[in-house]
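File shown: data_33.csv (CSV, C-alpha atoms).
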```csv
chain,number,residue,atom,x,y,z
A,640,MET,CA,4.5,7.0,59.8
A,641,SER,CA,3.2,3.7,58.4
A,642,ARG,CA,0.7,5.7,56.3
A,643,ALA,CA,3.6,7.8,54.8
A,644,LEU,CA,5.5,4.7,54.0
A,645,ALA,CA,2.5,3.2,52.2
A,646,LEU,CA,2.1,6.4,50.2
A,647,VAL,CA,5.7,6.3,49.1
A,648,ALA,CA,5.3,2.7,48.1
A,649,LEU,CA,2.2,3.5,46.1
A,650,VAL,CA,4.0,6.3,44.3
A,651,LEU,CA,6.9,4.0,43.5
A,652,LEU,CA,4.5,1.5,42.1
A,653,LEU,CA,2.7,4.0,39.9
A,654,VAL,CA,5.8,5.8,38.5
A,655,PRO,CA,7.3,3.7,35.7
A,656,ALA,CA,10.8,2.7,36.1
A,657,PRO,CA,13.2,4.5,33.7
A,658,ALA,CA,14.4,2.4,30.8
A,659,ASP,CA,17.7,0.9,31.3
A,660,ALA,CA,20.2,2.9,29.1
A,661,ALA,CA,22.1,-0.4,28.6
A,662,ASP,CA,19.1,-2.1,27.0
A,663,PRO,CA,19.7,-2.7,23.3
A,664,PRO,CA,17.3,-0.9,21.0
A,665,ARG,CA,14.5,-3.0,19.5
A,666,ALA,CA,14.5,-3.4,15.7
A,667,SER,CA,10.7,-3.1,15.5
A,668,ASP,CA,10.9,0.3,17.3
A,669,LEU,CA,13.5,1.6,14.9
A,670,GLU,CA,11.6,0.3,11.9
A,671,ALA,CA,8.6,2.3,13.0
A,672,GLU,CA,10.7,5.5,13.4
A,673,LEU,CA,12.6,5.3,10.0
A,674,VAL,CA,11.3,5.9,6.5
A,675,CYS,CA,12.1,4.0,3.3
A,676,PRO,CA,13.7,6.6,1.0
A,677,THR,CA,12.0,5.3,-2.2
A,678,CYS,CA,8.5,4.6,-1.0
A,679,LYS,CA,8.3,7.2,1.8
A,680,THR,CA,6.5,4.8,4.3
A,681,THR,CA,8.0,3.6,7.5
A,682,LEU,CA,10.2,0.6,7.2
A,683,ASP,CA,7.8,-1.7,9.1
A,684,GLN,CA,5.2,-0.9,6.4
A,685,SER,CA,7.5,-1.4,3.4
A,686,ASP,CA,8.8,-4.4,1.5
A,687,ALA,CA,10.8,-2.3,-1.0
A,688,PRO,CA,14.4,-3.7,-1.7
A,689,ILE,CA,16.0,-0.7,0.0
A,690,ALA,CA,13.7,-1.0,3.0
A,691,ARG,CA,14.6,-4.7,3.4
A,692,ARG,CA,18.3,-3.7,3.2
A,693,MET,CA,17.8,-1.0,5.8
A,694,LYS,CA,16.1,-3.5,8.1
A,695,ALA,CA,19.0,-5.9,7.7
A,696,ILE,CA,21.5,-3.1,8.5
A,697,ILE,CA,19.5,-2.1,11.6
A,698,ARG,CA,19.7,-5.7,12.9
A,699,GLU,CA,23.4,-5.9,12.1
A,700,ARG,CA,24.1,-2.7,14.0
A,701,ILE,CA,22.0,-3.7,17.0
A,702,ALA,CA,23.9,-7.0,17.1
A,703,ALA,CA,27.2,-5.0,17.0
A,704,GLY,CA,26.0,-3.0,20.1
A,705,ALA,CA,25.0,0.3,18.5
A,706,THR,CA,22.5,2.5,20.2
A,707,ALA,CA,19.3,3.7,18.6
A,708,GLY,CA,20.7,7.2,18.3
A,709,GLU,CA,23.9,5.9,16.6
A,710,ILE,CA,21.9,3.8,14.1
A,711,LYS,CA,19.5,6.6,13.3
A,712,GLN,CA,22.5,9.0,12.8
A,713,GLU,CA,24.2,6.5,10.5
A,714,LEU,CA,21.1,6.3,8.4
A,715,VAL,CA,20.7,10.1,8.3
A,716,ASP,CA,24.3,10.4,7.2
A,717,GLN,CA,23.5,8.0,4.3
A,718,PHE,CA,20.0,9.1,3.2
A,719,GLY,CA,19.5,12.5,4.8
A,720,PRO,CA,17.1,13.7,7.6
A,721,ALA,CA,14.1,12.7,5.5
A,722,VAL,CA,14.7,9.2,6.6
A,723,LEU,CA,13.4,10.1,10.1
A,724,ALA,CA,9.6,9.5,10.4
A,725,GLU,CA,9.5,12.4,13.0
A,726,PRO,CA,11.4,15.6,12.3
A,727,PRO,CA,14.1,16.3,14.9
A,728,LYS,CA,13.2,18.7,17.7
A,729,ARG,CA,15.8,21.4,16.8
A,730,GLY,CA,16.5,24.0,14.2
A,731,PHE,CA,14.0,24.7,11.4
A,732,ASP,CA,12.4,21.2,12.0
A,733,LEU,CA,11.3,22.4,15.4
A,734,LEU,CA,8.6,24.4,13.6
A,735,ALA,CA,6.9,21.1,12.7
A,736,TRP,CA,6.4,20.6,16.4
A,737,LEU,CA,5.6,24.1,17.5
A,738,LEU,CA,3.3,25.3,14.7
A,739,PRO,CA,0.4,22.8,15.6
A,740,LEU,CA,0.7,24.0,19.3
A,741,VAL,CA,0.7,27.6,18.2
A,742,GLY,CA,-2.3,26.9,16.0
A,743,LEU,CA,-4.2,25.2,18.8
A,744,THR,CA,-3.4,28.0,21.2
A,745,ALA,CA,-4.5,30.7,18.7
A,746,GLY,CA,-7.7,28.7,18.0
A,747,ALA,CA,-8.5,28.5,21.7
A,748,VAL,CA,-7.9,32.2,22.2
A,749,VAL,CA,-10.2,33.1,19.2
A,750,VAL,CA,-12.9,30.7,20.5
A,751,GLY,CA,-12.6,32.2,24.1
A,752,ALA,CA,-12.7,35.8,22.8
A,753,LEU,CA,-15.8,35.0,20.7
A,754,ALA,CA,-17.5,33.3,23.6
A,755,TRP,CA,-16.7,36.2,25.9
A,756,SER,CA,-17.9,38.8,23.3
A,757,TRP,CA,-21.1,36.8,22.7
A,758,SER,CA,-22.0,36.5,26.3
A,759,ARG,CA,-21.3,40.2,27.0
A,760,ARG,CA,-23.5,41.2,24.1
A,761,ARG,CA,-26.3,39.1,25.4
A,762,ALA,CA,-26.0,40.6,28.8
A,763,ASP,CA,-26.1,44.1,27.3
A,764,ASP,CA,-29.2,43.2,25.3
A,765,GLU,CA,-31.2,42.0,28.3
A,766,GLU,CA,-33.6,44.6,30.0
A,767,PRO,CA,-32.4,45.7,33.4
A,768,VAL,CA,-34.7,44.4,36.1
A,769,THR,CA,-36.1,47.4,38.1
A,770,ALA,CA,-38.2,47.0,41.2
A,771,ALA,CA,-41.6,48.6,41.2
A,772,PRO,CA,-42.0,51.3,43.8
A,773,LEU,CA,-43.9,50.2,46.9
A,774,ASP,CA,-47.3,51.6,47.7
A,775,PRO,CA,-46.7,54.3,50.5
A,776,ALA,CA,-49.5,52.9,52.7
A,777,LEU,CA,-48.0,49.4,52.5
A,778,GLU,CA,-44.5,50.7,53.2
A,779,ARG,CA,-45.8,52.6,56.3
A,780,ARG,CA,-47.5,49.4,57.5
A,781,ILE,CA,-44.2,47.4,57.1
A,782,ASP,CA,-42.2,50.0,59.0
A,783,ASP,CA,-44.8,49.9,61.8
A,784,ALA,CA,-44.6,46.1,62.0
A,785,LEU,CA,-40.8,46.2,62.1
A,786,GLU,CA,-40.8,48.8,64.8
A,787,ARG,CA,-43.2,46.6,66.9
A,788,LEU,CA,-41.0,43.6,66.5
A,789,GLU,CA,-37.9,45.5,67.6
A,790,ARG,CA,-39.6,46.6,70.9
B,344,MET,CA,-11.3,50.6,20.0
B,345,ALA,CA,-13.2,47.3,19.7
B,346,GLY,CA,-14.0,48.1,16.1
B,347,ARG,CA,-10.3,48.7,15.4
B,348,GLY,CA,-9.3,45.4,17.0
B,349,LYS,CA,-11.8,43.6,14.8
B,350,LEU,CA,-10.4,45.3,11.7
B,351,VAL,CA,-6.9,44.2,12.7
B,352,ALA,CA,-8.1,40.6,13.3
B,353,GLN,CA,-9.8,40.5,9.9
B,354,GLY,CA,-6.7,41.9,8.2
B,355,VAL,CA,-4.5,39.2,9.8
B,356,ALA,CA,-7.0,36.5,8.7
B,357,VAL,CA,-7.1,37.8,5.1
B,358,ALA,CA,-3.3,38.0,5.0
B,359,GLY,CA,-3.0,34.4,6.3
B,360,VAL,CA,-5.4,33.2,3.6
B,361,VAL,CA,-3.5,35.1,0.9
B,362,ALA,CA,-0.2,33.8,2.1
B,363,LEU,CA,-1.5,30.2,2.0
B,364,LEU,CA,-2.9,30.7,-1.6
B,365,ALA,CA,0.5,32.2,-2.7
B,366,LEU,CA,2.3,29.1,-1.3
B,367,LEU,CA,-0.1,26.8,-3.2
B,368,VAL,CA,0.5,28.7,-6.4
B,369,TRP,CA,4.2,28.7,-6.0
B,370,LYS,CA,4.2,24.9,-5.3
B,371,VAL,CA,2.2,24.2,-8.4
B,372,VAL,CA,4.3,26.5,-10.6
B,373,ALA,CA,7.8,25.9,-9.3
B,374,GLY,CA,7.3,22.5,-7.7
B,375,ASP,CA,8.2,19.1,-9.0
B,376,SER,CA,7.6,19.7,-12.7
B,377,GLY,CA,9.4,16.6,-14.1
B,378,GLY,CA,12.8,18.2,-14.1
B,379,ALA,CA,15.1,18.3,-17.2
B,380,ALA,CA,13.8,15.0,-18.5
B,381,ALA,CA,10.3,16.5,-19.0
B,382,ARG,CA,11.7,19.5,-20.8
B,383,LEU,CA,13.9,17.2,-23.0
B,384,GLU,CA,10.8,15.1,-23.9
B,385,ALA,CA,8.9,18.2,-24.7
B,386,GLY,CA,11.6,19.0,-27.4
B,387,ASP,CA,13.3,21.9,-25.5
B,388,SER,CA,17.0,22.5,-25.7
B,389,VAL,CA,18.0,21.6,-22.1
B,390,ALA,CA,21.3,22.2,-20.3
B,391,ALA,CA,22.3,19.2,-18.2
B,392,PRO,CA,21.5,20.0,-14.5
B,393,ALA,CA,24.5,20.5,-12.3
B,394,LEU,CA,26.1,17.4,-10.9
B,395,SER,CA,28.9,17.7,-8.4
B,396,LEU,CA,29.1,14.8,-6.0
B,397,GLU,CA,31.5,12.7,-3.8
B,398,ARG,CA,33.2,9.9,-5.8
B,399,LEU,CA,32.9,6.3,-4.7
B,400,ASP,CA,35.6,4.9,-7.0
B,401,GLU,CA,38.3,7.2,-5.6
B,402,GLU,CA,38.8,10.2,-3.3
B,403,GLY,CA,37.4,13.6,-4.1
B,404,THR,CA,34.4,14.9,-6.0
B,405,LEU,CA,33.4,14.8,-9.6
B,406,SER,CA,31.7,17.6,-11.4
B,407,LEU,CA,29.8,17.3,-14.7
B,408,ALA,CA,30.9,20.9,-15.5
B,409,GLY,CA,34.5,19.7,-15.4
B,410,LEU,CA,33.8,17.3,-18.3
B,411,ARG,CA,32.9,20.0,-20.8
B,412,GLY,CA,34.4,18.9,-24.2
B,413,LYS,CA,33.6,15.3,-23.6
B,414,GLY,CA,30.5,13.3,-24.4
B,415,VAL,CA,28.9,11.9,-21.2
B,416,VAL,CA,26.5,9.1,-20.4
B,417,VAL,CA,24.9,9.8,-17.0
B,418,ASN,CA,23.5,6.6,-15.5
B,419,PHE,CA,21.4,6.8,-12.2
B,420,TRP,CA,21.4,3.5,-10.4
B,421,ALA,CA,21.3,1.7,-7.0
B,422,SER,CA,22.8,-1.6,-5.9
B,423,TRP,CA,19.4,-3.0,-4.9
B,424,CYS,CA,17.9,-2.4,-8.3
B,425,ILE,CA,17.7,-5.6,-10.4
B,426,PRO,CA,17.8,-4.0,-13.9
B,427,CYS,CA,20.9,-2.0,-12.8
B,428,LYS,CA,22.7,-5.3,-12.3
B,429,ASP,CA,21.7,-6.4,-15.8
B,430,GLU,CA,22.9,-3.3,-17.5
B,431,ALA,CA,26.2,-2.8,-15.5
B,432,PRO,CA,28.4,-5.1,-17.7
B,433,PHE,CA,27.1,-3.4,-20.9
B,434,LEU,CA,27.8,0.1,-19.6
B,435,GLN,CA,31.3,-1.0,-18.6
B,436,GLU,CA,31.9,-2.4,-22.0
B,437,VAL,CA,30.7,0.8,-23.7
B,438,TYR,CA,33.0,2.9,-21.5
B,439,ALA,CA,36.0,0.7,-22.3
B,440,ARG,CA,35.2,0.8,-26.0
B,441,GLU,CA,34.3,4.5,-26.5
B,442,ARG,CA,36.6,6.1,-24.0
B,443,SER,CA,39.3,6.8,-26.6
B,444,ARG,CA,36.7,8.8,-28.6
B,445,GLY,CA,36.1,11.1,-25.6
B,446,LEU,CA,33.1,9.3,-23.9
B,447,VAL,CA,32.8,9.3,-20.2
B,448,VAL,CA,30.2,7.1,-18.4
B,449,ILE,CA,29.3,8.5,-14.9
B,450,GLY,CA,27.3,6.3,-12.5
B,451,VAL,CA,25.2,8.2,-10.0
B,452,ASP,CA,24.5,5.8,-7.1
B,453,SER,CA,21.5,7.0,-5.2
B,454,GLN,CA,19.3,6.0,-2.2
B,455,ASP,CA,21.8,3.3,-1.4
B,456,PHE,CA,24.4,2.3,1.1
B,457,LYS,CA,28.0,3.2,0.2
B,458,GLN,CA,29.3,-0.2,1.1
B,459,ASP,CA,26.7,-1.9,-1.0
B,460,ALA,CA,27.5,0.4,-4.0
B,461,ARG,CA,31.2,-0.4,-3.7
B,462,ALA,CA,30.5,-4.1,-3.5
B,463,PHE,CA,28.4,-3.8,-6.6
B,464,MET,CA,31.1,-1.9,-8.5
B,465,LYS,CA,33.6,-4.6,-7.5
B,466,ARG,CA,31.3,-7.4,-8.5
B,467,PHE,CA,30.7,-6.0,-12.0
B,468,GLY,CA,34.2,-4.7,-12.5
B,469,ILE,CA,33.1,-1.1,-13.0
B,470,THR,CA,36.0,1.2,-13.7
B,471,TYR,CA,34.1,4.3,-14.9
B,472,PRO,CA,33.6,7.1,-12.4
B,473,VAL,CA,30.8,6.6,-9.8
B,474,VAL,CA,29.5,9.3,-7.6
B,475,TYR,CA,27.3,9.0,-4.5
B,476,ASP,CA,24.0,10.8,-4.0
B,477,GLY,CA,22.5,8.9,-1.0
B,478,LYS,CA,19.9,11.5,-0.3
B,479,GLY,CA,18.7,11.6,-3.9
B,480,ALA,CA,19.3,15.4,-4.0
B,481,THR,CA,19.9,15.4,-7.8
B,482,LEU,CA,17.0,13.3,-8.8
B,483,GLY,CA,14.4,16.1,-8.9
B,484,ALA,CA,16.4,18.4,-11.2
B,485,TRP,CA,17.1,15.6,-13.6
B,486,GLY,CA,13.6,14.3,-13.4
B,487,VAL,CA,14.6,10.8,-12.4
B,488,VAL,CA,11.6,8.7,-11.2
B,489,GLY,CA,13.1,5.3,-10.9
B,490,PHE,CA,16.3,3.3,-11.3
B,491,PRO,CA,18.0,2.9,-13.6
B,492,GLU,CA,17.7,5.9,-15.9
B,493,THR,CA,20.2,7.1,-18.4
B,494,PHE,CA,20.9,10.5,-20.0
B,495,PHE,CA,23.3,11.7,-22.7
B,496,VAL,CA,25.2,15.0,-22.4
B,497,ASP,CA,27.0,16.4,-25.4
B,498,ARG,CA,30.4,18.2,-25.4
B,499,ASN,CA,28.7,21.5,-24.7
B,500,GLY,CA,26.9,20.3,-21.6
B,501,MET,CA,23.5,20.0,-23.3
B,502,LEU,CA,21.2,17.0,-22.9
B,503,VAL,CA,20.8,15.1,-26.2
B,504,GLY,CA,19.0,12.1,-27.4
B,505,GLU,CA,16.3,10.7,-25.2
B,506,ARG,CA,16.2,9.7,-21.5
B,507,ILE,CA,16.2,5.9,-21.2
B,508,GLN,CA,14.1,4.6,-18.4
B,509,GLY,CA,14.9,1.0,-17.3
B,510,GLY,CA,17.9,-1.1,-18.1
B,511,VAL,CA,19.8,-0.5,-21.3
B,512,ASP,CA,21.0,-3.2,-23.7
B,513,VAL,CA,17.5,-4.5,-24.2
B,514,GLU,CA,15.8,-4.7,-27.5
B,515,ARG,CA,13.5,-1.8,-27.0
B,516,ASN,CA,16.2,0.8,-26.1
B,517,ARG,CA,19.5,-0.4,-27.6
B,518,GLU,CA,19.0,1.8,-30.7
B,519,ALA,CA,18.1,4.9,-28.6
B,520,PHE,CA,21.2,4.2,-26.5
B,521,ASP,CA,23.5,4.0,-29.5
B,522,ARG,CA,22.0,7.2,-30.9
B,523,GLY,CA,22.5,9.0,-27.6
B,524,VAL,CA,26.1,8.0,-27.5
B,525,GLU,CA,26.7,9.3,-31.0
B,526,LEU,CA,24.9,12.6,-30.3
B,527,ALA,CA,26.9,13.1,-27.2
B,528,LEU,CA,30.2,12.5,-29.1
B,529,ALA,CA,29.3,14.6,-32.1
B,530,GLU,CA,31.7,17.5,-32.6
B,531,PRO,CA,30.1,20.9,-32.0
```
Show me this structure written as structure tokens.
Amino acid sequence: MSRALALVALVLLLVPAPADAADPPRASDLEAELVCPTCKTTLDQSDAPIARRMKAIIRERIAAGATAGEIKQELVDQFGPAVLAEPPKRGFDLLAWLLPLVGLTAGAVVVGALAWSWSRRRADDEEPVTAAPLDPALERRIDDALERLER
Amino acid sequence: MAGRGKLVAQGVAVAGVVALLALLVWKVVAGDSGGAAARLEAGDSVAAPALSLERLDEEGTLSLAGLRGKGVVVNFWASWCIPCKDEAPFLQEVYARERSRGLVVIGVDSQDFKQDARAFMKRFGITYPVVYDGKGATLGAWGVVGFPETFFVDRNGMLVGERIQGGVDVERNREAFDRGVELALAEP
């Protein structure tokens, strides 16, 4: 019983606690997830005038209690979806997430098929091992010896 | 059977390479070619690209096509752009002066916050129509590469004069600006 309790405690320690939904978003996180529309780099990497203005707006909105999703949506409404550093995981943009996985899977299948085909060809090329026939006199002596042992 | 599978795989691979090459060629040929500004600078006769956007100075949308018969100055700007602040009073003055001759100045506010744009318009007393293109969707077709940039459209909807890059009302481009206005207002 005590062992089970210890196991549960260990699991609880190892599993990270879910983020509190009421936690305000961090400006630095949002600045890494949003792109400056003029220089096309993330806000945290940009010192362009519009990037500075966007950073100020993000801080204003955080102070006003807006969530990360709301702030991102407001900026998308102003500047379009290209303002997001990562494409949304829906609609046509989902392809940006799926295509690399499809490519990796296809690559793995091709490599696996080639490896299988290569190993099979090598196996076919190898000479089959055939045992040489025993000398009849020797075979008879072995049979006799086995018979004596069984008695 | 194995030979047929190999042929199919080869066919798929070749088709993939051909598709990627076609995409590359298409991007080079039809991609960002400098827009209308590049064709204008090459000396071509160029129709002004379509412009139909939400207004910031009042409700509704404004379409360039709806201004056929008038000379139009199209000025791309943003509130965070310093030369845009310098030229704004001049553009307002030109609009007030030449309006009776049939000239319209249109400000296209781009890659900007609406509230910042409205504050800018109030600060500089702008009364000419201003439309909003936050996403910069029109920039490619016009060939705009920075702010501000100014184009002139004649009464037939054709680009005339030269594209002015940078703020107007400075020594190096004042003459080009005045010539652009006169070409835009010329009777067909």
Output the contact residues of chain A with respect to chain B at a cut-off of 7 Å, based on all atoms listed in the file, as a PyMOL selection string. chain A and resi 676+688-689+717-719
Atom CA of Arg461 of chain B to atom CA of Leu399 of chain B, distance in Å rounded to a single decimal: 7.0 Å
How many Å separate atom CA of Leu502 of chain B from atom CA of Pro392 of chain B? 8.9 Å
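Put simply, atom CA of Ala690 of chain A is 5.3 Å away from atom CA of Cys675 of chain A.
Of the listed residues (A:Glu709, A:Asp732, A:Asp783, A:Glu670), A:Glu670 comes nearest to Ala695 of chain A; the distances count only C-alpha atoms.
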Give as number ranges by chain every residue, naming chains and numbers as the document does, that has an atom within 10 Å of (34.6, 10.4, -25.9), counting only C-alpha atoms. B: 412-416, 438, 440-448, 497-498, 524-525, 527-529
What's around segment 383-390 of chain B at 12 Å? Count all atoms listed in the file, leave out sequence neighbours fewer than 3 positions away in its own chain, and write the answer as JSON, numbers by chain. {"B": [377, 378, 379, 380, 393, 394, 407, 408, 411, 484, 485, 486, 494, 495, 496, 497, 498, 499, 500, 501, 502, 503, 504, 505, 506, 507]}
Name the residues in contact with Arg398 of chain B at a cut-off of 6 Å, using only C-alpha atoms, excluding same-chain residues fewer than 2 positions from it; report them as an MDAnalysis selection string. chainID B and resid 400:401 403:404 473:474
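You can rank A:Ala671, A:Ala724, A:Ala666, A:Leu714 by their closest distance to Glu699 of chain A using only C-alpha atoms, and at the top of that list sits A:Ala666.
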So which residues touch Ala752 of chain A within 12 Å, counting only C-alpha atoms, skipping near sequence neighbours fewer than 5 positions away, as a VMD selection string? (chain A and resid 745 to 747 757 to 759) or (chain B and resid 345 348 to 349 352)
Name the residues in contact with Leu405 of chain B at a cut-off of 7 Å, using all atoms listed in the file, excluding same-chain residues fewer than 3 positions from it; report them as a ChimeraX atom specification. /B:395-398
Residues within 9 Å of Glu672 of chain A, please, as a list in words. Count only C-alpha atoms; anything in the same chain fewer than 4 positions from it doesn't count. Ser667, Asp668, Thr681, Leu682, Asp683, Lys711, Val722, Leu723, Ala724 and Glu725 of chain A
As an mmCIF file, in the coordinates of the input, please: segment 450-466 of chain B completed to N, CA, C and O atoms.
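As written to disk, part_15.cif reads:
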```cif
data_model
loop_
_atom_site.group_PDB
_atom_site.id
_atom_site.type_symbol
_atom_site.label_atom_id
_atom_site.label_comp_id
_atom_site.auth_asym_id
_atom_site.auth_seq_id
_atom_site.Cartn_x
_atom_site.Cartn_y
_atom_site.Cartn_z
ATOM 1 N N GLY B 450 28.389 6.927 -13.285
ATOM 2 C CA GLY B 450 27.300 6.300 -12.500
ATOM 3 C C GLY B 450 26.963 7.151 -11.340
ATOM 4 O O GLY B 450 27.853 7.630 -10.628
ATOM 5 N N VAL B 451 25.674 7.396 -11.156
ATOM 6 C CA VAL B 451 25.200 8.200 -10.000
ATOM 7 C C VAL B 451 24.472 7.182 -9.086
ATOM 8 O O VAL B 451 23.334 6.800 -9.388
ATOM 9 N N ASP B 452 25.141 6.753 -8.023
ATOM 10 C CA ASP B 452 24.500 5.800 -7.100
ATOM 11 C C ASP B 452 23.658 6.587 -6.110
ATOM 12 O O ASP B 452 24.140 7.497 -5.441
ATOM 13 N N SER B 453 22.393 6.222 -6.033
ATOM 14 C CA SER B 453 21.500 7.000 -5.200
ATOM 15 C C SER B 453 20.612 6.151 -4.334
ATOM 16 O O SER B 453 20.307 5.010 -4.678
ATOM 17 N N GLN B 454 20.208 6.713 -3.193
ATOM 18 C CA GLN B 454 19.300 6.000 -2.200
ATOM 19 C C GLN B 454 19.843 4.617 -1.964
ATOM 20 O O GLN B 454 19.134 3.628 -2.116
ATOM 21 N N ASP B 455 21.088 4.590 -1.553
ATOM 22 C CA ASP B 455 21.800 3.300 -1.400
ATOM 23 C C ASP B 455 22.824 3.425 -0.311
ATOM 24 O O ASP B 455 23.168 4.526 0.123
ATOM 25 N N PHE B 456 23.320 2.291 0.149
ATOM 26 C CA PHE B 456 24.400 2.300 1.100
ATOM 27 C C PHE B 456 25.739 2.298 0.357
ATOM 28 O O PHE B 456 25.885 1.560 -0.627
ATOM 29 N N LYS B 457 26.674 3.102 0.865
ATOM 30 C CA LYS B 457 28.000 3.200 0.200
ATOM 31 C C LYS B 457 28.643 1.834 0.052
ATOM 32 O O LYS B 457 29.199 1.501 -0.990
ATOM 33 N N GLN B 458 28.607 1.076 1.162
ATOM 34 C CA GLN B 458 29.300 -0.200 1.100
ATOM 35 C C GLN B 458 28.667 -1.166 0.101
ATOM 36 O O GLN B 458 29.361 -1.938 -0.562
ATOM 37 N N ASP B 459 27.341 -1.073 -0.051
ATOM 38 C CA ASP B 459 26.700 -1.900 -1.000
ATOM 39 C C ASP B 459 27.043 -1.477 -2.459
ATOM 40 O O ASP B 459 27.229 -2.308 -3.353
ATOM 41 N N ALA B 460 27.144 -0.160 -2.642
ATOM 42 C CA ALA B 460 27.500 0.400 -4.000
ATOM 43 C C ALA B 460 28.913 -0.080 -4.346
ATOM 44 O O ALA B 460 29.162 -0.497 -5.490
ATOM 45 N N ARG B 461 29.827 -0.019 -3.366
ATOM 46 C CA ARG B 461 31.200 -0.400 -3.700
ATOM 47 C C ARG B 461 31.293 -1.903 -3.978
ATOM 48 O O ARG B 461 32.043 -2.325 -4.870
ATOM 49 N N ALA B 462 30.513 -2.690 -3.250
ATOM 50 C CA ALA B 462 30.500 -4.100 -3.500
ATOM 51 C C ALA B 462 29.956 -4.411 -4.923
ATOM 52 O O ALA B 462 30.467 -5.287 -5.643
ATOM 53 N N PHE B 463 28.959 -3.639 -5.305
ATOM 54 C CA PHE B 463 28.400 -3.800 -6.600
ATOM 55 C C PHE B 463 29.415 -3.448 -7.717
ATOM 56 O O PHE B 463 29.571 -4.172 -8.708
ATOM 57 N N MET B 464 30.137 -2.344 -7.503
ATOM 58 C CA MET B 464 31.100 -1.900 -8.500
ATOM 59 C C MET B 464 32.235 -2.981 -8.634
ATOM 60 O O MET B 464 32.713 -3.255 -9.734
ATOM 61 N N LYS B 465 32.599 -3.587 -7.493
ATOM 62 C CA LYS B 465 33.600 -4.600 -7.500
ATOM 63 C C LYS B 465 33.118 -5.860 -8.258
ATOM 64 O O LYS B 465 33.808 -6.434 -9.108
ATOM 65 N N ARG B 466 31.889 -6.229 -7.925
ATOM 66 C CA ARG B 466 31.300 -7.400 -8.500
ATOM 67 C C ARG B 466 31.222 -7.340 -10.041
ATOM 68 O O ARG B 466 31.480 -8.309 -10.742
#
```
